[in-house]
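A.B. asks: Before anything else, here's the structure in question.
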Amino acid sequence: MYRANVLCCAGTGCTASNSAKIFDNFNECLRKYGLEQEVKVVKTGCFGLCQKGPIVAIYPDKVFYCHVKPEDVERIVSEHLYKGRVVKELELSDEDLQTHEKILDIDKIKFYEKQQRIALRNCGKINPEDISEYIAMDGYQALGNVLTTMTPQDVIDVMKKSGLRGRGGAGFPTGVKWQFEKDQPGDEKYVICNADEGDPGAFMDRSILEGDPNAVLEGMAIMAYAVGAHVGYIYIRAEYPIAVHRLKIAIKEAEEYGLLGKNIFNSGFDFKIEIRLGAGAFVCGEETALIASIEGKRGMPSPKPPFPAVHGVWGKPTSINNVETLANVPQIMLKGADWYASMGTEKSKGTKVFALGGKIKNTGLVEVPMGTTLREIIYEIGGGCPNNKAFKAVQTGGPSGGCLTEKELDTPIDYDSLIAAGSMMGSGGMIVLDEDNCMVDVARFYMEFIVDESCGKCTPCRIGTKRLLEMLTKITKGEGTMEMLDEMEQLCYEIKDTALCGLGQTAPNPILSTLNHFKDEYIAHIKDKRCPAGVCKALLTYKIDADKCRKCSLCSRNCPVGAITGVAGKEPFKIDPEKCIKCGTCLTTCRFGAVERV
Amino acid sequence: MKSLEDLKKMREQALKKVEMREGGKNYRVVVGMATCGIAAGARPVLNRLVEETAEKNYDCVVTQTGCIGMCVYEPIVEVYGKDGSHTTYVHMTPEKATRVLEEHIGKGNVVEEYTVDAVKGVAA
């Protein structure tokens, strides 16, 4: 029996900052101090507060250490675990996150206070590679109840009543989707978990799979029982190696425990899950393309109808749900539809996980009830923009979504309100932009992504998005015309109306929404040949103010292309605009503020 | 695993692994584990507390702290109740620890003779 648990985050973020070494050091150090029988080290999934990683939490003391380095481990063991003295310097100390109390309790960290964790409830709490820890947290209880006491229709009725809508972004009611498939004739049916998370900046599904893979497996088994399927596929991108690894372990353990396989809970229900690795094409998140890819074909969408519920994988009825949707299912079955429906707004129930990124202090993963405002997420949980920069916009919904500005910050977030405000929920990526971000450049970034990821099957998407990118690139180079703006807008609407799948139909959204909110920035690029945020290189020039220059030669020595000339101590320095590559090094190296960007 | 009963059994076994991360216990038993405490024999006391709590499912978490400042009375064990009560036991031994768990945590009766007030009284 252990008297303390050391929880090391083994999510992707912390792993990238060497948390595997931290885990090893703990084990080694505990042996050194003879504490290996007393203290247990556990690898967990993402704590959500990735900004402060690598994270180590110690229970039962509830102490939260952040930015832990492998060499700090010995101190934590010798001081905290051996002598019981918390290592104060390593404790979370950010004022934005902390409460007034000096001794920090994990539950009192502001970052977590506003959150309500359902899909993420076990992330950072349990070892994702040990099914028994999931079982201890009521895991597979829902599946057991469902199989032994409920009919498939009962399950679907609960899901409908709970109001859960697809968390992949489109927000289709999950119970209704399942009903469609259940009502199809035939006994060969399939379920699919869509883990092809592709929006730039989104890592919700990845973290759920890494932190609590069994919750997704249990959700899939319940879905399969409800719709009458016996085989499920998890379609996950190969570039999520940790998630794939943990899923494999979870499936193997669940099979060994009899929670997957034949005659589960003696109910006569058989269900097996197979993993299918995707090569990382964005379009394969679209369900018909995903199905094609599972079947071994080229990942391209096909027109709907027929919907997958009628004609899905191998031509059989298929339901496809997103990772986060499935992670909610066991909790809904366990605690009831009314419990779930008590959270959220009228038309969007429950909670939603968001991946906070971009110009925000607390980059990380948050789960909040629907109806929370953008302001609460960005300022109260996220801590606002770093370095006292002014907030400009928040991009939601990835390449299919749009930007929302200061005006919309008090919008309560749900599927419908975000669409009304000109963006969309999407899968939950939330990228914060500050005054240093150029909105034309942001639109160009997304369009570049779309051009790369367009599968090429339909003309509007293949050629239309390419034309949009060309026009945007011209504008960022100062070669745009005012007519171009109208042309672009018209083309956007044409693509929306004529593209085959969701990727193309929503691809123009980043342009339309930036045109709507930030037309002045486009105009500044076109008419004044100026990038107000100072991002578009072609429109910038660097100058040295001869009066301010102290002739120290620092800029000249740091210039990578030798564009700055002068005589140290004698003549002020000058930049040759022909040679200058506008990298900005001189601006950041000058200690006297003599370099200007105009 | 073939029934809800099996799952329940498994859950109960597994619960020990994770329950200290959940909180919600009635008592917090804190052992002073600074140099003074360790030198005076706090480690066997701590081990006994942990073992017995696990074995007998006492409604408490056992944890440790640094020097409380009364080194002369080490090993010191403090018991904090959810109701705000606070008892300090001094000169503890594994045997005394067992009794504190039985009486205080198990039945809610403070073991007066081990408390700092009682010991001080005798010393004075």
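Labels used: A, B, ... for chains in the order of the structure tokens, numbers from 1 for residues in each chain, and numbers from 1 for ligands as shown.
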If the cut-off is 6 Å, can you tell me the residues of chain B near chain A, counting only C-alpha atoms? I'd like them as number ranges by chain.
C.D. replies: B: 1-4, 11, 14-15, 20-21, 33-34, 50, 64-66
A.B. asks: For segment 105-116 of chain B, find every residue with an atom within 12 Å (counting only C-alpha atoms), except residues of its own chain fewer than 2 positions away, and show them as a PyMOL selection string.
C.D. replies: chain B and resi 25-29+49+52-53+56-62+70+72-83+85-93+95-103+118-124
A.B. asks: Quick one: everything within 12 Å of Glu210 of chain A, counting only C-alpha atoms, minus sequence neighbours fewer than 4 positions away in the same chain. Send it as an MDAnalysis selection string.
C.D. replies: chainID A and resid 9:15 43:48 120 122:124 126:129 195 203:206 214:216 240:250 323
A.B. asks: Would you output that residue set with N, CA and C atoms, as a CSV table (one decimal), in the first residue's frame?
C.D. replies:
```
chain,number,residue,atom,x,y,z
A,9,CYS,N,2.6,13.9,-15.7
A,9,CYS,CA,1.8,14.0,-17.0
A,9,CYS,C,2.6,13.4,-18.1
A,10,ALA,N,1.9,12.5,-18.8
A,10,ALA,CA,2.6,11.9,-20.0
A,10,ALA,C,1.8,12.2,-21.2
A,11,GLY,N,1.1,13.3,-21.3
A,11,GLY,CA,0.5,13.8,-22.5
A,11,GLY,C,1.5,14.2,-23.5
A,12,THR,N,1.1,14.5,-24.7
A,12,THR,CA,2.1,14.9,-25.7
A,12,THR,C,2.9,16.1,-25.4
A,13,GLY,N,2.2,17.1,-24.8
A,13,GLY,CA,2.9,18.4,-24.5
A,13,GLY,C,4.1,18.1,-23.5
A,14,CYS,N,3.7,17.5,-22.4
A,14,CYS,CA,4.7,17.3,-21.4
A,14,CYS,C,5.8,16.3,-21.8
A,15,THR,N,5.4,15.3,-22.6
A,15,THR,CA,6.3,14.3,-23.1
A,15,THR,C,7.4,15.0,-24.0
A,43,LYS,N,2.0,7.4,-14.5
A,43,LYS,CA,1.9,8.2,-15.7
A,43,LYS,C,0.5,8.6,-16.0
A,44,THR,N,0.1,9.8,-16.2
A,44,THR,CA,-1.3,10.1,-16.5
A,44,THR,C,-1.4,10.8,-17.8
A,45,GLY,N,-2.6,11.1,-18.2
A,45,GLY,CA,-2.9,11.9,-19.4
A,45,GLY,C,-2.8,13.4,-19.0
A,46,CYS,N,-3.2,14.2,-20.0
A,46,CYS,CA,-3.0,15.6,-20.0
A,46,CYS,C,-3.8,16.3,-18.8
A,47,PHE,N,-3.1,17.1,-18.0
A,47,PHE,CA,-3.8,17.9,-17.0
A,47,PHE,C,-4.5,19.1,-17.6
A,48,GLY,N,-4.2,19.4,-18.8
A,48,GLY,CA,-4.9,20.6,-19.4
A,48,GLY,C,-4.1,21.9,-19.3
A,120,LEU,N,-13.1,15.0,-19.8
A,120,LEU,CA,-11.7,15.0,-19.4
A,120,LEU,C,-11.6,14.6,-17.9
A,122,ASN,N,-11.0,12.0,-16.2
A,122,ASN,CA,-10.0,11.2,-15.7
A,122,ASN,C,-8.6,11.6,-16.2
A,123,CYS,N,-8.6,12.6,-17.1
A,123,CYS,CA,-7.3,13.0,-17.6
A,123,CYS,C,-6.5,13.7,-16.5
A,124,GLY,N,-5.3,13.2,-16.3
A,124,GLY,CA,-4.5,13.8,-15.2
A,124,GLY,C,-4.8,13.2,-13.8
A,126,ILE,N,-5.8,9.4,-13.7
A,126,ILE,CA,-5.6,8.0,-13.7
A,126,ILE,C,-4.4,7.6,-14.6
A,127,ASN,N,-4.0,6.4,-14.5
A,127,ASN,CA,-3.0,5.9,-15.4
A,127,ASN,C,-3.7,5.3,-16.6
A,128,PRO,N,-3.6,5.9,-17.8
A,128,PRO,CA,-4.3,5.5,-18.9
A,128,PRO,C,-3.9,4.1,-19.4
A,129,GLU,N,-2.8,3.6,-18.9
A,129,GLU,CA,-2.3,2.3,-19.4
A,129,GLU,C,-2.7,1.2,-18.4
A,195,ALA,N,-11.3,9.7,-35.0
A,195,ALA,CA,-10.2,10.4,-34.2
A,195,ALA,C,-9.2,11.0,-35.2
A,203,PHE,N,-6.2,19.9,-30.1
A,203,PHE,CA,-5.7,18.7,-29.6
A,203,PHE,C,-6.5,18.1,-28.5
A,204,MET,N,-7.9,18.3,-28.6
A,204,MET,CA,-8.8,17.8,-27.6
A,204,MET,C,-8.9,16.3,-27.7
A,205,ASP,N,-9.1,15.8,-28.9
A,205,ASP,CA,-9.3,14.3,-29.0
A,205,ASP,C,-8.1,13.6,-28.7
A,206,ARG,N,-7.0,14.1,-29.1
A,206,ARG,CA,-5.7,13.5,-28.9
A,206,ARG,C,-5.5,13.3,-27.4
A,214,ASN,N,-10.0,4.2,-22.3
A,214,ASN,CA,-11.1,3.3,-22.0
A,214,ASN,C,-12.4,4.0,-22.1
A,215,ALA,N,-12.5,5.2,-21.7
A,215,ALA,CA,-13.8,5.9,-21.8
A,215,ALA,C,-14.3,5.9,-23.2
A,216,VAL,N,-13.4,6.1,-24.2
A,216,VAL,CA,-13.8,6.1,-25.6
A,216,VAL,C,-14.3,4.6,-26.0
A,240,TYR,N,-0.3,10.5,-34.2
A,240,TYR,CA,-0.7,10.5,-32.8
A,240,TYR,C,-0.1,9.3,-32.1
A,241,PRO,N,1.2,9.1,-32.1
A,241,PRO,CA,1.7,7.8,-31.7
A,241,PRO,C,1.4,7.4,-30.2
A,242,ILE,N,1.4,8.4,-29.3
A,242,ILE,CA,1.1,8.0,-27.9
A,242,ILE,C,-0.3,7.6,-27.8
A,243,ALA,N,-1.2,8.3,-28.5
A,243,ALA,CA,-2.6,7.9,-28.4
A,243,ALA,C,-2.9,6.5,-29.0
A,244,VAL,N,-2.2,6.2,-30.1
A,244,VAL,CA,-2.4,4.9,-30.7
A,244,VAL,C,-1.8,3.8,-29.8
A,245,HIS,N,-0.7,4.1,-29.2
A,245,HIS,CA,-0.1,3.1,-28.3
A,245,HIS,C,-1.0,2.8,-27.1
A,246,ARG,N,-1.6,3.9,-26.5
A,246,ARG,CA,-2.4,3.7,-25.3
A,246,ARG,C,-3.8,3.0,-25.7
A,247,LEU,N,-4.3,3.3,-26.9
A,247,LEU,CA,-5.5,2.7,-27.4
A,247,LEU,C,-5.3,1.2,-27.5
A,248,LYS,N,-4.1,0.8,-28.1
A,248,LYS,CA,-3.8,-0.6,-28.3
A,248,LYS,C,-3.8,-1.3,-26.9
A,249,ILE,N,-3.1,-0.7,-25.9
A,249,ILE,CA,-3.1,-1.3,-24.6
A,249,ILE,C,-4.5,-1.4,-24.0
A,250,ALA,N,-5.3,-0.3,-24.2
A,250,ALA,CA,-6.6,-0.4,-23.6
A,250,ALA,C,-7.5,-1.5,-24.3
A,323,VAL,N,-14.4,11.4,-31.0
A,323,VAL,CA,-13.9,11.0,-29.7
A,323,VAL,C,-14.5,11.6,-28.5
```
A.B. asks: Apply DSSP to the structure's backbone, then extract all residues of segment 43-107 of chain B labelled strand (DSSP E) and return them as a list of chain:residue names.
C.D. replies: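 Residues of segment 43-107 of chain B classed as strand (DSSP E): B:Cys60, B:Val61, B:Val62, B:Thr63, B:Gln64, B:Thr65, B:Val77, B:Glu78, B:Val79, B:Tyr80, B:Gly81, B:His86, B:Thr87, B:Thr88, B:Tyr89.
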A.B. asks: Just how far from atom CA of Glu197 of chain A is atom CA of Ala238 of chain A, in Å to one decimal?
C.D. replies: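 Separating atom CA of Ala238 of chain A from atom CA of Glu197 of chain A is a distance of 11.1 Å.
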A.B. asks: Using only C-alpha atoms, which of A:Asn509, A:Ser556, A:Thr405, A:Thr288 sits nearest Lys574 of chain A?
C.D. replies: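 Once distances to Lys574 of chain A are computed over only C-alpha atoms, the minimum belongs to A:Ser556.
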A.B. asks: What lies within 6 Å of segment 451-460 of chain A using only C-alpha atoms, ignoring chain neighbours under 2 positions off, as a list in words?
C.D. replies: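 Skipping anything fewer than 2 positions along the chain leaves Phe282, Glu448, Phe449, Arg462, Ile463, Gly464, Lys466, Ile495 and Ala499 of chain A.
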A.B. asks: If you count only C-alpha atoms, which residues fall within 8 Å of segment 290-293 of chain A, apart from same-chain ones fewer than 6 positions away, as a list in words?
C.D. replies: Tyr235, Gly278, Val283, Cys284, Gly299, Met300, Pro301, Gly312 and Val313 of chain A
A.B. asks: Nearest to Thr318 of chain A among A:Thr465, A:Thr589, A:Asn194, A:Ser17, with distances taken over only C-alpha atoms: which residue is it?
C.D. replies: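 For Thr318 of chain A, the nearest of the given residues is A:Asn194.
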A.B. asks: May I ask for the distance between atom CA of Leu468 of chain A and atom CA of Leu515 of chain A, given in Å to one decimal place?
C.D. replies: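 Interatomic distance here is 12.9 Å.
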A.B. asks: In segment 108-237 of chain A, what's alpha helix (DSSP H) per DSSP? Answer as number ranges by chain?
C.D. replies: A: 110-113, 131-136, 141-149, 152-162, 174-182, 204-211, 213-227
A.B. asks: Report the distance between atom CA of Asp414 of chain A and atom CA of Val353 of chain A in Å, rounded to one decimal place.
C.D. replies: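 Taking atom CA of Asp414 of chain A and atom CA of Val353 of chain A, their separation equals 11.9 Å.
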A.B. asks: Please provide the set of residues having any atom within 9 Å of Glu376 of chain A, restricted to only C-alpha atoms, with same-chain residues fewer than 5 positions apart removed, written as a PDB file with C-alpha atoms, in the first residue's frame.
C.D. replies:
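Listed below is the output, selection-v4.pdb:
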```
ATOM      1  CA  LYS A 114     -14.449  27.470 -13.790  1.00  0.00           C
ATOM      2  CA  ILE A 381      -9.329  30.594 -17.483  1.00  0.00           C
ATOM      3  CA  GLY A 382      -6.822  31.503 -20.183  1.00  0.00           C
ATOM      4  CA  LEU A 409     -16.692  38.143 -26.329  1.00  0.00           C
ATOM      5  CA  ASP A 410     -19.790  38.038 -24.190  1.00  0.00           C
TER       6      ASP A 410
END
```
